[in-house]
Structures are given as C-alpha cells and as structure tokens.
file coords31.cif (mmCIF, C-alpha atoms)
data_run
#
loop_
_atom_site.label_atom_id
_atom_site.label_comp_id
_atom_site.auth_asym_id
_atom_site.auth_seq_id
_atom_site.Cartn_x
_atom_site.Cartn_y
_atom_site.Cartn_z
CA CYS A 1 23.62 3.99 -81.46
CA PHE A 2 20.41 5.63 -80.50
CA PHE A 3 18.87 8.86 -81.68
CA PHE A 4 16.40 11.18 -80.07
CA SER A 5 13.45 12.04 -82.28
CA SER A 6 14.23 15.66 -82.84
CA ARG A 7 14.13 17.94 -85.84
CA ARG A 8 17.33 19.63 -84.81
CA ARG A 9 20.27 17.95 -86.43
CA HIS A 10 22.80 19.14 -83.86
CA THR A 11 20.96 17.22 -81.11
CA ARG A 12 21.34 13.94 -82.95
CA CYS A 13 24.94 14.56 -83.94
CA ARG A 14 25.87 15.52 -80.41
CA GLU A 15 24.49 12.23 -79.07
CA VAL A 16 26.41 10.19 -81.62
CA SER A 17 29.66 11.99 -80.87
CA TRP A 18 29.06 11.48 -77.13
CA ALA A 19 28.61 7.73 -77.70
CA ARG A 20 31.79 7.53 -79.77
CA ARG A 21 33.68 9.46 -77.10
CA CYS A 22 32.49 7.05 -74.39
CA VAL A 23 33.65 4.04 -76.40
CA GLN A 24 37.04 5.65 -77.03
CA GLU A 25 37.52 6.65 -73.37
CA THR A 26 36.51 3.30 -71.90
CA GLY A 27 38.17 1.19 -74.57
CA VAL A 28 35.10 -1.03 -74.90
CA HIS A 29 35.24 -2.32 -78.45
CA GLY A 30 33.96 -5.60 -79.79
CA ILE A 31 30.67 -5.81 -77.88
CA SER A 32 27.66 -4.31 -79.52
CA LYS A 33 23.92 -4.46 -79.07
CA MET A 34 22.01 -5.83 -81.99
CA ASN A 35 18.25 -5.99 -82.35
CA THR A 36 17.04 -9.41 -83.44
CA PHE A 37 13.59 -8.16 -84.51
CA ARG A 38 12.01 -11.12 -82.69
CA LEU A 39 9.34 -10.20 -80.22
CA GLU A 40 8.78 -13.69 -78.86
CA PRO A 41 11.06 -16.62 -78.06
CA LEU A 42 11.47 -19.66 -80.26
CA GLU A 43 9.75 -22.81 -79.03
CA THR A 44 13.08 -24.22 -77.87
CA GLU A 45 13.86 -21.01 -75.92
CA ARG A 46 10.68 -20.80 -73.85
CA PHE A 47 10.81 -20.92 -70.06
CA TYR A 48 9.05 -24.15 -69.11
CA PRO A 49 8.65 -24.39 -65.31
CA SER A 50 8.63 -28.20 -65.33
CA LYS A 51 12.09 -28.38 -66.96
CA ILE A 52 13.50 -25.68 -64.69
CA LYS A 53 12.05 -27.35 -61.59
CA GLU A 54 13.92 -30.57 -62.43
CA ILE A 55 17.19 -28.63 -62.68
CA ILE A 56 16.52 -26.91 -59.35
CA LYS A 57 15.62 -30.21 -57.66
CA ASP A 58 18.79 -31.94 -58.87
CA GLU A 59 21.06 -29.10 -57.75
CA VAL A 60 19.40 -28.57 -54.35
CA GLU A 61 19.46 -32.26 -53.47
CA ARG A 62 23.08 -32.62 -54.63
CA ILE A 63 24.27 -29.64 -52.58
CA MET A 64 22.20 -30.49 -49.49
CA ALA A 65 23.55 -34.06 -49.54
CA LYS A 66 27.05 -32.59 -49.17
CA GLU A 67 25.97 -30.27 -46.35
CA LYS A 68 25.11 -32.79 -43.63
CA GLU A 69 26.75 -30.56 -40.98
CA LEU A 70 24.10 -27.90 -41.60
CA GLU A 71 21.39 -30.39 -40.68
CA LYS A 72 23.11 -31.38 -37.44
CA LEU A 73 23.93 -27.89 -36.21
CA TYR A 74 22.39 -24.88 -37.96
CA LYS A 75 24.68 -21.86 -38.39
CA ASP A 76 23.69 -18.62 -40.10
CA ASP A 77 27.02 -18.23 -41.89
CA GLU A 78 26.84 -21.75 -43.30
CA ALA A 79 23.22 -21.24 -44.42
CA LYS A 80 24.20 -18.02 -46.19
CA ARG A 81 27.05 -19.77 -47.99
CA VAL A 82 24.84 -22.72 -49.00
CA ALA A 83 22.09 -20.38 -50.29
CA GLY A 84 24.65 -18.52 -52.40
CA GLU A 85 26.08 -21.76 -53.75
CA ILE A 86 22.63 -23.08 -54.67
CA SER A 87 21.74 -19.82 -56.44
CA GLU A 88 25.01 -19.82 -58.37
CA GLN A 89 24.80 -23.47 -59.43
CA VAL A 90 21.15 -23.23 -60.52
CA ARG A 91 21.84 -20.09 -62.56
CA ASN A 92 24.85 -21.75 -64.21
CA LYS A 93 22.85 -24.87 -65.10
CA ILE A 94 20.10 -22.91 -66.85
CA THR A 95 21.98 -22.24 -70.07
CA MET A 96 19.36 -23.37 -72.57
CA LEU A 97 17.56 -20.02 -72.36
CA PRO A 98 19.89 -17.62 -74.18
CA ARG A 99 17.47 -14.67 -74.35
CA HIS A 100 16.24 -14.74 -70.78
CA LYS A 101 17.32 -12.80 -67.75
CA ILE A 102 17.49 -15.43 -65.01
CA VAL A 103 16.92 -14.37 -61.39
CA VAL A 104 17.35 -16.97 -58.63
CA GLN A 105 16.08 -16.37 -55.10
CA THR A 106 17.13 -18.92 -52.45
CA VAL A 107 16.10 -19.07 -48.79
CA VAL A 108 17.74 -21.54 -46.38
CA GLY A 109 16.60 -21.57 -42.75
CA GLU A 110 16.20 -23.57 -39.59
CA LYS A 111 12.92 -25.24 -38.74
CA ALA A 112 12.05 -24.34 -35.17
CA GLY A 113 8.29 -24.83 -35.09
CA GLN A 114 7.48 -21.59 -36.91
CA GLY A 115 5.36 -21.03 -39.98
CA LEU A 116 6.80 -19.55 -43.15
CA ARG A 117 5.31 -17.82 -46.16
CA ILE A 118 7.49 -16.57 -49.01
CA ALA A 119 6.05 -14.17 -51.58
CA SER A 120 7.54 -12.32 -54.54
CA LYS A 121 6.25 -9.61 -56.84
CA SER A 122 7.45 -8.93 -60.32
CA LEU A 123 6.43 -7.07 -63.43
CA TRP A 124 6.56 -9.24 -66.53
CA ALA A 125 4.96 -10.18 -69.84
CA HIS A 126 2.75 -13.13 -68.98
CA GLU A 127 3.06 -14.66 -72.46
CA PHE A 128 6.83 -15.24 -72.32
CA ASP A 129 8.04 -14.79 -68.73
CA ASN A 130 7.53 -17.38 -66.03
CA SER A 131 8.81 -18.75 -62.74
CA ALA A 132 9.56 -22.10 -61.13
CA THR A 133 9.64 -22.97 -57.42
CA TYR A 134 11.09 -25.90 -55.52
CA SER A 135 10.94 -26.56 -51.76
CA TYR A 136 13.24 -28.91 -49.87
CA GLU A 137 12.90 -29.71 -46.21
CA THR A 138 14.14 -32.09 -43.55
CA ASP A 139 13.47 -32.29 -39.83
CA LYS A 140 15.95 -29.49 -39.10
CA ILE A 141 16.19 -27.19 -42.15
CA TYR A 142 14.22 -25.94 -45.15
CA CYS A 143 15.24 -24.53 -48.49
CA VAL A 144 13.04 -22.68 -50.99
CA VAL A 145 14.34 -21.78 -54.45
CA ILE A 146 12.43 -19.52 -56.84
CA VAL A 147 13.70 -18.97 -60.40
CA PHE A 148 12.32 -16.18 -62.57
CA GLY A 149 12.91 -16.09 -66.33
CA TYR A 150 12.35 -12.78 -68.14
CA TYR A 151 12.49 -12.78 -71.95
CA TYR A 152 14.22 -9.91 -73.74
CA CYS A 153 14.70 -9.44 -77.46
CA LEU A 154 18.10 -7.70 -77.58
CA LEU A 155 21.11 -9.86 -78.20
CA TYR A 156 24.65 -8.87 -77.26
CA THR A 157 27.06 -9.89 -79.98
CA SER A 158 30.68 -9.35 -80.81
CA PRO A 159 31.57 -8.25 -84.34
#
call {"tool": "encode", "arguments": {"input": "coords31.cif", "output": "structure tokens"}}
result
Amino acid sequence: CFFFSSRRRHTRCREVSWARRCVQETGVHGISKMNTFRLEPLETERFYPSKIKEIIKDEVERIMAKEKELEKLYKDDEAKRVAGEISEQVRNKITMLPRHKIVVQTVVGEKAGQGLRIASKSLWAHEFDNSATYSYETDKIYCVVIVFGYYYCLLYTSP
C-alpha cells in the first residue's frame, strides 16, 4: 500500500480502500511488492558487459548458423522473425540478474554497400546500470544486438 503525505485522515483511508477494492475486483491475490531496502546490487547481481557479451555472442552465432537461407536470399519477413528470436533467446538466457530490467534491441539487415550507425539513448544510474553490444556480420547480412540492464530495488514476491 502507499499513502499520500497528507494531514487529512480521510485522504489516506480513501486510498487504502481504493487499493483493496481494486484487488477484490481484479482477483489479483498472492503477488505483492516488497521493498528490499537495498539500494545497490550484490556483487553477484551486477551487470558485467563482458559476461553478457559472451551470452549474446553464443546465441547470435547459434541462431545465425541455423538461418543459412537468410544469407543466400534476404527477406524482410525472415529478418524480422530472426531479430525477434534473437531478442527472446538472449533475454531468456540472462537469468542471473534477478533485480534488473533487461531490454534487448536487435537489428538484422542486408549489406548492400551502405553505411550504418546505430545509436541509443537512455536515462540510468551509471553506478549500477550498464549495456553490452555485439555485432555479427557476413558478406550478405549484419546483426547488431544491444542489451541494457537497469537495476531496481523492488522485488515482487508471493506470500
């Protein structure tokens, strides 16, 4: 539950009753938000780009080895599917960071003599948040994967 800082008691009570009513109407029981009172990750929970880059590299090379048709004849629909699959697999493999929001951005395209520059902006805490990038390319296609890890200190638990 949350409370507004107000001197009027009816304001706080109204908010609590509204929260209870929402839980009763939606039937969402069993999941609650619990503050862990930790403002920084444990050493084992930090986002290390070198470890994440190895995971990205393994997944991209495994998936691209299966997709030899994409190298022979580039199709937009196939590239979209492969980019989605890479994003999904990379996000699923990064499970050692329980208190991080993981965002995966994947670009798959055809090399046709053009130049390419990929840039991203994000607002984060530079002490705990980080990113990792991996680029894969052949004569016909390229793939760029960027993974962002944002630390948060709220833990969802079930009672």
call {"tool": "atom_distance", "arguments": {"input": "coords31.cif", "atom1": "atom CA of Val82 of chain A", "atom2": "atom CA of Ile118 of chain A"}}
result
18.4 Å
call {"tool": "resolve_selection", "arguments": {"input": "coords31.cif", "expression": "the PyMOL selection byres ((chain A and resi 98) around 10)", "output": "PDB file with C-alpha atoms, in the coordinates of the input"}}
result
ATOM      1  CA  PRO A  41      11.060 -16.620 -78.060  1.00  0.00           C
ATOM      2  CA  GLU A  45      13.860 -21.010 -75.920  1.00  0.00           C
ATOM      3  CA  ARG A  46      10.680 -20.800 -73.850  1.00  0.00           C
ATOM      4  CA  ILE A  94      20.100 -22.910 -66.850  1.00  0.00           C
ATOM      5  CA  THR A  95      21.980 -22.240 -70.070  1.00  0.00           C
ATOM      6  CA  MET A  96      19.360 -23.370 -72.570  1.00  0.00           C
ATOM      7  CA  LEU A  97      17.560 -20.020 -72.360  1.00  0.00           C
ATOM      8  CA  ARG A  99      17.470 -14.670 -74.350  1.00  0.00           C
ATOM      9  CA  HIS A 100      16.240 -14.740 -70.780  1.00  0.00           C
ATOM     10  CA  LYS A 101      17.320 -12.800 -67.750  1.00  0.00           C
ATOM     11  CA  ILE A 102      17.490 -15.430 -65.010  1.00  0.00           C
ATOM     12  CA  TYR A 151      12.490 -12.780 -71.950  1.00  0.00           C
ATOM     13  CA  TYR A 152      14.220  -9.910 -73.740  1.00  0.00           C
ATOM     14  CA  LEU A 155      21.110  -9.860 -78.200  1.00  0.00           C
TER      15      LEU A 155
END
call {"tool": "closest_residue", "arguments": {"input": "coords31.cif", "among": "A:Glu127, A:Asp76, A:Glu85, A:Glu71", "to": "Asp139 of chain A", "atoms": "all atoms listed in the file"}}
result
A:Glu71
call {"tool": "closest_residue", "arguments": {"input": "coords31.cif", "among": "A:Lys66, A:Tyr150, A:Asp77, A:Thr138", "to": "His126 of chain A", "atoms": "only C-alpha atoms"}}
result
A:Tyr150
call {"tool": "resolve_selection", "arguments": {"input": "coords31.cif", "expression": "the PyMOL selection byres ((chain A and resi 61) around 12)", "output": "PyMOL selection string"}}
result
chain A and resi 54-60+62-68+82+86+89-90+134-138+142-145
